[in-house]
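A quick write-up on the structure given underneath.
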There are 2 protein chains.
Amino acid sequence: MTMQNHRTVQALEWTGSVLKVLDQRQLPETIVYDEYTDAVGVTEAIVSMRVRGAPAIGIAAAYGVALSVRKHYAQSNHWRQKVAADIEMLAKSRPTAVNLFWALDQMKAKLAKPLDNPPAAILACAEKIQADDLAANRKMGEFGADVLAGAKGVMTHCNAGALATGGYGTALGVIRSAFNRAPIKVYAGETRPWLQGARLTVWELAQDGIPATLIADSAAAWLMKSGAIDWIVVGADRIAANGDAANKIGTYSLAVLAKQHGVKLMVVAPTTTIDWTMPSGDLIEIEQRNPNELLPACYNHEGSLVSAWNPVFDVTPAELIAAIVTERGVVLNPAGQGVGGLRHAI
Amino acid sequence: MTMQNHRTVQALEWTGSVLKVLDQRQLPETIVYDEYTDAVGVTEAIVSMRVRGAPAIGIAAAYGVALSVRKHYAQSNHWRQKVAADIEMLAKSRPTAVNLFWALDQMKAKLAKPLDNPPAAILACAEKIQADDLAANRKMGEFGADVLAGAKGVMTHCNAGALATGGYGTALGVIRSAFNRAPIKVYAGETRPWLQGARLTVWELAQDGIPATLIADSAAAWLMKSGAIDWIVVGADRIAANGDAANKIGTYSLAVLAKQHGVKLMVVAPTTTIDWTMPSGDLIEIEQRNPNELLPACYNHEGSLVSAWNPVFDVTPAELIAAIVTERGVVLNPAGQGVGGLRHAI
C-alpha cells in the first residue's frame, strides 16, 4: 500500500498564526486559499461553504475557537465570555453535521480546565482534532477496503474525501485504499445542486491518479441496472444510535435503488459523526438551503409562481445500509443492533 | 375546463414559407426563434437540441421534408432522390424518439402516391401531423386527469409539455387538465444534464398560471418519503409493444423509487410514440451524448483521468408503470397485457 498521496489536497492549513481555508466553491478551475484570523471569519467560511464536509467543518470550528482564544485572551479580562459567544456563533453556522458540535464540545471541555497558557493549550487541542481525524481516515480506509474485497466497481456521492476531512477522506479514503490494493472502477454522482461530485470528487481522485467516471445523479439507477457497480460508498454528516445516517441529499435515493438492484451501501464516518444520544435518524434536523441554489435567477421576482424545495441532506434508514465503517471497526448490517457497540470500543 | 392557454408557448411555427424553431437552449432567459428554409437547417436544429421532445422532433422533421420538397421540386428533375437523401439525413438526427421515424414514414408514404402539387400536398401532410398531435394532447389531458382524480401532489421529469409537442403537452397536458379541474401541487425535477425541468417545465407551467416547485433530481426519493406526491407523470420517447417505455434518463430511477413509496407512475404519450413492432424495451437503442454535457471544461484535456457516462434515456419496464395514457385511451397496469390493444382502437 502506498501513502505518498494522502496529503495531496488540504482543505485546511494552520500556518502558525492564521487558518488557511481552500475555497472549494472555486474548484476545480481555481485553487485559492483564504486566510482567517478570527472566529467571525471562520464562521463565514463555513456558512458560505468555502469549507464543507462534516469532519472538515468540525476541524475548522476548532481552529475558530483557537483563534478566538488567541485574540480575546490578549485583549480582555472577560476573554472567556467572548470565547463562549464565539463558540455559540460557530455552533450556528450549519445545523446537520454533528462533528461541528462534537468539536466545539471538545474545545469547551478543554476551556473548562485550568490552563497555564490558554492560547497554546486550545490550539494544541484543535491540532489534535485534525491529526486524529487524519489517522482515523487511514484506519477506515483499510477497514473499508477489506469489506470491498473483490468489488469491480463502486460509486460515491458528494465528496467525502480529503477535502471534507482532515485529509485522506472517509468514503474516498476507502476508495483510495481499495484502489491501492487492486484497480477498481470508480463512478461519482455529480451531486446537485452544488456539484461536489463533479467539482471535487473526480478532481481529488484524479490528483491521486485514480480514474473516475462522472454520472448525472439520476443515471445511478440505470448504472446499477447495467451491473457495473457492486457497492455505493458514502460519508455521513450524522449517524444516529440505531444506525440511521444523514448524508447529502440523494443518498437515501441511492440506498433505496441499491437495495432493489442487489448493490450494497457502505457508510464511512469517524465515530465523531455518531450522535450517541439520538435514538433514531427521524430526529435529525435537516438543513434547508436557499432555493436560489436551484432556481435560475429569472424566477426570482415578486409574484413568481416558481419556487424550489432544497433540502441539503436526507436520512438513510439502517435497514438499507450493509456496512458502517468507523475508525473503531465495522458494523455489518446495522439494522436492529445499531452502532452502540462502538461507543466504548477501542 | 379552460383552453385559453393551450397555445401560450409554441416550440415550432410554420409561417407559410419558413419553419420558426424556438431555441429552447436559451430558455428561460431568452426567447429567440431561429428560421429554417431547408432540411439541412432543420436537421441541425434537432441535432443541436434547439428543438427536443419526441413529438416535436417528429413534427420538425415533417416540416423539414416539406421544405426539402419545396426546394428540390422547383430546382431539379431528380427532386425525389434529393428529398429521399434529406429524409435519410433527418432520420439520423436523433436515434431514440420513434416519433421521428413515424413522421418520416408518413411523409414517405405520401410521397409514394401520385401528387398534383407535391410541395402543397407534402406541406399539408406536415401541418396535419402537427394539428393531430395537438388534438391528441388535448384528449390525453382529459383522459389523464380522470386517472389523477383526487391526487394532491404530482411530480414530473424533463419537459413533456407544449415545448416538446405540437402544443399543450403530454405529461404537462395531463397536469394542465388536472389543474384546471382542481388545484394540485406540482413538483418538477430539474433534469440534469440539460435542466429541462428547471429551464422549460416550471417556466412553461408558470406561463399558464400553474405554480411549480423545482427539486434536485436526487431529492425525489426524499420528497416521496414525505408523502407529498401521489403520482409521477412523465412523457415517453418510445414505448415498446409490451409497455416498456424509454424516456429521459432518471425516469427509470423515479419508477423504482415510486414503487417503493406507494407512488404511482403515469406515462403519457400519443400512439405515434408506440413502436408496435418492438416486442420489448430491452431492444430500444439508447442515445449516448457527449460527456462534455456533464464534465467541467477543465477535465477535457489529453491524458485526463476524468470521464463521464452520459446516457440520455433509460427504459422503464411495464411492471413499474401504473397507467399508459394515449389519445386512444388508457392502459392501466400494462405489465402482461402490453399496449397492443391500442393498435387498432379508435
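Chain labels run A, B, ... following the order of the C-alpha cells; each chain numbers its residues from 1, and ligands are numbered from 1 in the order shown.
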Check which residues of region 201-232 of chain A sit at most 10 Å from region 283-307 of chain B using only C-alpha atoms, and return one row each with the closest pair of atoms and their distance in Å to one decimal, ordered by chain and rising number, as JSON lines.
{"residue": "A:Val202", "atom": "CA", "partner": "B:Val306", "partner_atom": "CA", "distance": 6.3}
{"residue": "A:Trp203", "atom": "CA", "partner": "B:Val306", "partner_atom": "CA", "distance": 7.5}
{"residue": "A:Leu205", "atom": "CA", "partner": "B:Leu305", "partner_atom": "CA", "distance": 8.6}
{"residue": "A:Ala206", "atom": "CA", "partner": "B:Leu305", "partner_atom": "CA", "distance": 5.6}
{"residue": "A:Gln207", "atom": "CA", "partner": "B:Leu305", "partner_atom": "CA", "distance": 8.9}
{"residue": "A:Asp208", "atom": "CA", "partner": "B:Leu305", "partner_atom": "CA", "distance": 9.9}
{"residue": "A:Gly209", "atom": "CA", "partner": "B:Leu305", "partner_atom": "CA", "distance": 7.3}
{"residue": "A:Ile210", "atom": "CA", "partner": "B:Leu305", "partner_atom": "CA", "distance": 7.0}
{"residue": "A:Pro211", "atom": "CA", "partner": "B:Leu305", "partner_atom": "CA", "distance": 4.5}
{"residue": "A:Ala212", "atom": "CA", "partner": "B:Val306", "partner_atom": "CA", "distance": 5.1}
{"residue": "A:Thr213", "atom": "CA", "partner": "B:Ser307", "partner_atom": "CA", "distance": 4.7}
{"residue": "A:Leu214", "atom": "CA", "partner": "B:Ser307", "partner_atom": "CA", "distance": 6.2}
{"residue": "A:Ile215", "atom": "CA", "partner": "B:Leu294", "partner_atom": "CA", "distance": 7.4}
{"residue": "A:Ala216", "atom": "CA", "partner": "B:Leu294", "partner_atom": "CA", "distance": 7.2}
I need the alpha helix (DSSP H) residues of region 50-287 of chain A per DSSP on the backbone, written as a ChimeraX atom specification.
/A:54-75,79-91,98-111,118-148,171-181,196,202-207,220-225,251-261
Best match for closeness to Ile229 (chain B) among B:Ile184, B:Tyr252, B:Val268, B:Ala241, counting only C-alpha atoms
B:Ile184
I need the residue nearest Ile129 (chain B) from this list: B:Asp116, B:Asp146, B:Asp105, B:Asp230. Use only C-alpha atoms for the distance.
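Closest to Ile129 (chain B) of all the choices is B:Asp105.
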Using only C-alpha atoms, determine which residues lie at most 9 Å from Trp276 (chain B), disregarding the query and same-chain residues fewer than 3 positions distant; provide the list as a compact mmCIF listing (two decimals) with all heavy atoms, in the first residue's frame.
# COMPACT_ATOMS: atom_id res chain seq x y z
N ILE B 239 -42.28 3.70 -26.79
CA ILE B 239 -42.93 2.68 -25.97
C ILE B 239 -42.93 1.39 -26.77
O ILE B 239 -43.36 1.37 -27.93
CB ILE B 239 -44.37 3.09 -25.60
CG1 ILE B 239 -44.36 4.39 -24.76
CG2 ILE B 239 -45.09 1.98 -24.84
CD1 ILE B 239 -45.74 4.96 -24.47
N ALA B 240 -42.42 0.31 -26.18
CA ALA B 240 -42.42 -0.99 -26.85
C ALA B 240 -43.80 -1.63 -26.71
O ALA B 240 -44.62 -1.22 -25.89
CB ALA B 240 -41.34 -1.88 -26.25
N ALA B 241 -44.04 -2.66 -27.52
CA ALA B 241 -45.36 -3.30 -27.54
C ALA B 241 -45.74 -3.88 -26.17
O ALA B 241 -46.92 -3.95 -25.83
CB ALA B 241 -45.38 -4.39 -28.61
N ASN B 242 -44.74 -4.27 -25.39
CA ASN B 242 -45.05 -4.85 -24.07
C ASN B 242 -45.28 -3.78 -22.99
O ASN B 242 -45.50 -4.11 -21.83
CB ASN B 242 -43.93 -5.80 -23.63
CG ASN B 242 -42.63 -5.06 -23.32
OD1 ASN B 242 -42.47 -3.90 -23.69
ND2 ASN B 242 -41.71 -5.75 -22.65
N PRO B 279 -40.91 -5.80 -29.57
CA PRO B 279 -41.59 -6.56 -28.52
C PRO B 279 -41.25 -6.11 -27.10
O PRO B 279 -42.09 -6.20 -26.20
CB PRO B 279 -41.13 -8.00 -28.75
CG PRO B 279 -39.88 -7.90 -29.56
CD PRO B 279 -39.99 -6.64 -30.36
N VAL B 339 -49.37 -2.91 -24.80
CA VAL B 339 -50.21 -1.84 -25.35
C VAL B 339 -50.80 -2.21 -26.71
O VAL B 339 -51.37 -1.37 -27.41
CB VAL B 339 -49.42 -0.51 -25.48
CG1 VAL B 339 -49.09 0.05 -24.11
CG2 VAL B 339 -48.15 -0.72 -26.31
N GLY B 340 -50.69 -3.49 -27.09
CA GLY B 340 -51.17 -3.93 -28.40
C GLY B 340 -52.66 -3.66 -28.61
O GLY B 340 -53.10 -3.43 -29.75
N ARG B 343 -53.61 -0.70 -30.73
CA ARG B 343 -53.13 -0.55 -32.10
C ARG B 343 -54.26 -0.25 -33.07
O ARG B 343 -54.14 0.61 -33.94
CB ARG B 343 -52.38 -1.80 -32.53
CG ARG B 343 -51.71 -1.60 -33.89
CD ARG B 343 -50.61 -2.59 -34.13
NE ARG B 343 -49.86 -2.25 -35.33
CZ ARG B 343 -48.84 -2.94 -35.80
NH1 ARG B 343 -48.44 -4.03 -35.16
NH2 ARG B 343 -48.22 -2.55 -36.88
What separation in Å, quoted to one decimal, exists between CA of Ala318 (chain B) and CA of Leu265 (chain B)?
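For CA of Ala318 (chain B) relative to CA of Leu265 (chain B), the distance reads 10.2 Å.
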Surrounding residues of Met89 (chain B) excluding itself and chain neighbours under 6 positions, 12 Å, only C-alpha atoms, as number ranges by chain
B: 38-44, 46-47, 61, 64-65, 68, 82-83, 95, 100-101, 104
Would you compute the distance between CA of Ala131 (chain B) and CA of Asp237 (chain B)? Give it in Å to one decimal.
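We find that CA of Ala131 (chain B) and CA of Asp237 (chain B) lie 19.3 Å from each other.
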Could you check the closest approach to Trp309 (chain B) for each of A:Ala85, A:Val267, A:Val186, A:Leu342 and tell me which residue wins, using only C-alpha atoms?
A:Val186
For a test of reading the model, state the distance in Å between CA of Arg80 (chain A) and CA of Lys92 (chain A), rounded to one decimal.
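The value is 18.7 Å.
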When DSSP works through the backbone of this structure, what residues of region 105-320 of chain B end up as strand (DSSP E), shown as a VMD selection string?
chain B and resid 153 to 156 185 to 189 212 to 215 231 to 234 238 to 240 245 to 248 264 to 268 274 to 275 306 to 308 313 to 316
Written selection (N, CA, C and O atoms) as a compact mmCIF listing (two decimals), in the first residue's frame:
# COMPACT_ATOMS: atom_id res chain seq x y z
N GLY B 153 -50.76 15.81 -5.00
CA GLY B 153 -49.46 16.26 -5.49
C GLY B 153 -48.95 15.35 -6.59
O GLY B 153 -49.16 14.14 -6.56
N VAL B 154 -48.32 15.96 -7.60
CA VAL B 154 -47.72 15.19 -8.69
C VAL B 154 -46.32 15.70 -8.94
O VAL B 154 -45.99 16.85 -8.62
N MET B 155 -45.50 14.84 -9.50
CA MET B 155 -44.16 15.25 -9.90
C MET B 155 -43.97 14.89 -11.36
O MET B 155 -44.48 13.87 -11.82
N THR B 156 -43.24 15.73 -12.10
CA THR B 156 -42.89 15.38 -13.46
C THR B 156 -41.38 15.48 -13.62
O THR B 156 -40.67 15.97 -12.73
N LYS B 185 -50.73 20.30 -6.37
CA LYS B 185 -49.35 20.75 -6.14
C LYS B 185 -48.45 20.05 -7.17
O LYS B 185 -48.50 18.83 -7.31
N VAL B 186 -47.64 20.84 -7.87
CA VAL B 186 -46.81 20.29 -8.95
C VAL B 186 -45.32 20.45 -8.62
O VAL B 186 -44.86 21.56 -8.33
N TYR B 187 -44.60 19.35 -8.65
CA TYR B 187 -43.15 19.35 -8.48
C TYR B 187 -42.49 18.96 -9.80
O TYR B 187 -43.03 18.14 -10.53
N ALA B 188 -41.34 19.54 -10.06
CA ALA B 188 -40.58 19.20 -11.27
C ALA B 188 -39.14 18.91 -10.90
O ALA B 188 -38.51 19.69 -10.16
N GLY B 189 -38.61 17.79 -11.38
CA GLY B 189 -37.18 17.52 -11.21
C GLY B 189 -36.40 18.38 -12.19
O GLY B 189 -36.84 18.59 -13.33
N ALA B 212 -45.29 25.95 -9.59
CA ALA B 212 -44.49 24.73 -9.67
C ALA B 212 -43.28 24.85 -8.75
O ALA B 212 -42.73 25.93 -8.57
N THR B 213 -42.92 23.73 -8.16
CA THR B 213 -41.78 23.68 -7.24
C THR B 213 -40.70 22.80 -7.83
O THR B 213 -40.92 21.63 -8.13
N LEU B 214 -39.53 23.38 -7.98
CA LEU B 214 -38.39 22.67 -8.56
C LEU B 214 -37.65 21.91 -7.47
O LEU B 214 -37.51 22.40 -6.35
N ILE B 215 -37.17 20.70 -7.80
CA ILE B 215 -36.31 19.97 -6.86
C ILE B 215 -35.10 19.41 -7.62
O ILE B 215 -35.16 19.21 -8.83
N TRP B 231 -48.58 10.80 -7.56
CA TRP B 231 -48.28 10.33 -8.90
C TRP B 231 -47.03 10.99 -9.44
O TRP B 231 -46.77 12.16 -9.16
N ILE B 232 -46.32 10.24 -10.26
CA ILE B 232 -45.30 10.81 -11.14
C ILE B 232 -45.86 10.72 -12.55
O ILE B 232 -46.37 9.66 -12.95
N VAL B 233 -45.81 11.82 -13.28
CA VAL B 233 -46.40 11.89 -14.62
C VAL B 233 -45.30 12.29 -15.59
O VAL B 233 -44.71 13.36 -15.46
N VAL B 234 -45.01 11.41 -16.54
CA VAL B 234 -43.92 11.68 -17.49
C VAL B 234 -44.37 11.39 -18.91
O VAL B 234 -45.38 10.72 -19.14
N ARG B 238 -40.16 6.49 -26.59
CA ARG B 238 -40.54 5.30 -27.34
C ARG B 238 -41.18 4.32 -26.36
O ARG B 238 -40.69 4.13 -25.25
N ILE B 239 -42.28 3.70 -26.79
CA ILE B 239 -42.93 2.68 -25.97
C ILE B 239 -42.93 1.39 -26.77
O ILE B 239 -43.36 1.37 -27.93
N ALA B 240 -42.42 0.31 -26.18
CA ALA B 240 -42.42 -0.99 -26.85
C ALA B 240 -43.80 -1.63 -26.71
O ALA B 240 -44.62 -1.22 -25.89
N ALA B 245 -41.18 1.57 -21.47
CA ALA B 245 -41.13 2.93 -22.01
C ALA B 245 -39.76 3.56 -21.84
O ALA B 245 -39.22 3.62 -20.74
N ALA B 246 -39.20 4.03 -22.96
CA ALA B 246 -37.96 4.81 -22.90
C ALA B 246 -38.33 6.26 -22.69
O ALA B 246 -39.23 6.80 -23.33
N ASN B 247 -37.62 6.89 -21.77
CA ASN B 247 -37.83 8.32 -21.52
C ASN B 247 -36.53 8.89 -20.96
O ASN B 247 -35.56 8.18 -20.77
N LYS B 248 -36.53 10.18 -20.71
CA LYS B 248 -35.34 10.89 -20.22
C LYS B 248 -34.65 10.13 -19.10
O LYS B 248 -35.29 9.58 -18.22
N LYS B 264 -47.58 6.23 -7.70
CA LYS B 264 -47.85 5.61 -8.99
C LYS B 264 -47.20 6.37 -10.14
O LYS B 264 -47.04 7.58 -10.07
N LEU B 265 -46.88 5.64 -11.19
CA LEU B 265 -46.23 6.24 -12.35
C LEU B 265 -47.17 6.21 -13.56
O LEU B 265 -47.67 5.15 -13.94
N MET B 266 -47.39 7.40 -14.16
CA MET B 266 -48.18 7.52 -15.38
C MET B 266 -47.28 7.95 -16.54
O MET B 266 -46.55 8.93 -16.41
N VAL B 267 -47.36 7.21 -17.64
CA VAL B 267 -46.64 7.58 -18.86
C VAL B 267 -47.67 8.10 -19.86
O VAL B 267 -48.66 7.41 -20.14
N VAL B 268 -47.45 9.30 -20.37
CA VAL B 268 -48.40 9.94 -21.28
C VAL B 268 -47.72 10.14 -22.63
O VAL B 268 -46.69 10.81 -22.71
N ILE B 274 -45.58 4.80 -29.88
CA ILE B 274 -45.52 3.34 -29.69
C ILE B 274 -44.85 2.68 -30.89
O ILE B 274 -45.20 2.96 -32.04
N ASP B 275 -43.87 1.86 -30.60
CA ASP B 275 -43.18 1.10 -31.64
C ASP B 275 -43.80 -0.31 -31.63
O ASP B 275 -43.35 -1.20 -30.94
N VAL B 306 -10.42 11.89 -15.82
CA VAL B 306 -11.84 12.08 -15.53
C VAL B 306 -12.66 11.92 -16.82
O VAL B 306 -12.39 12.58 -17.82
N SER B 307 -13.62 11.04 -16.78
CA SER B 307 -14.51 10.84 -17.93
C SER B 307 -15.95 10.97 -17.44
O SER B 307 -16.20 11.23 -16.26
N ALA B 308 -16.91 10.80 -18.36
CA ALA B 308 -18.31 10.84 -17.95
C ALA B 308 -19.09 9.80 -18.75
O ALA B 308 -18.72 9.44 -19.88
N PHE B 313 -31.32 8.58 -22.19
CA PHE B 313 -32.59 7.96 -21.87
C PHE B 313 -32.35 6.72 -21.03
O PHE B 313 -31.23 6.22 -20.94
N ASP B 314 -33.42 6.23 -20.41
CA ASP B 314 -33.38 4.90 -19.82
C ASP B 314 -34.72 4.25 -20.13
O ASP B 314 -35.62 4.89 -20.70
N VAL B 315 -34.85 2.99 -19.80
CA VAL B 315 -36.07 2.26 -20.13
C VAL B 315 -36.73 1.80 -18.84
O VAL B 315 -36.10 1.16 -17.99
N THR B 316 -37.99 2.14 -18.68
CA THR B 316 -38.77 1.73 -17.52
C THR B 316 -39.61 0.52 -17.88
O THR B 316 -40.41 0.59 -18.82
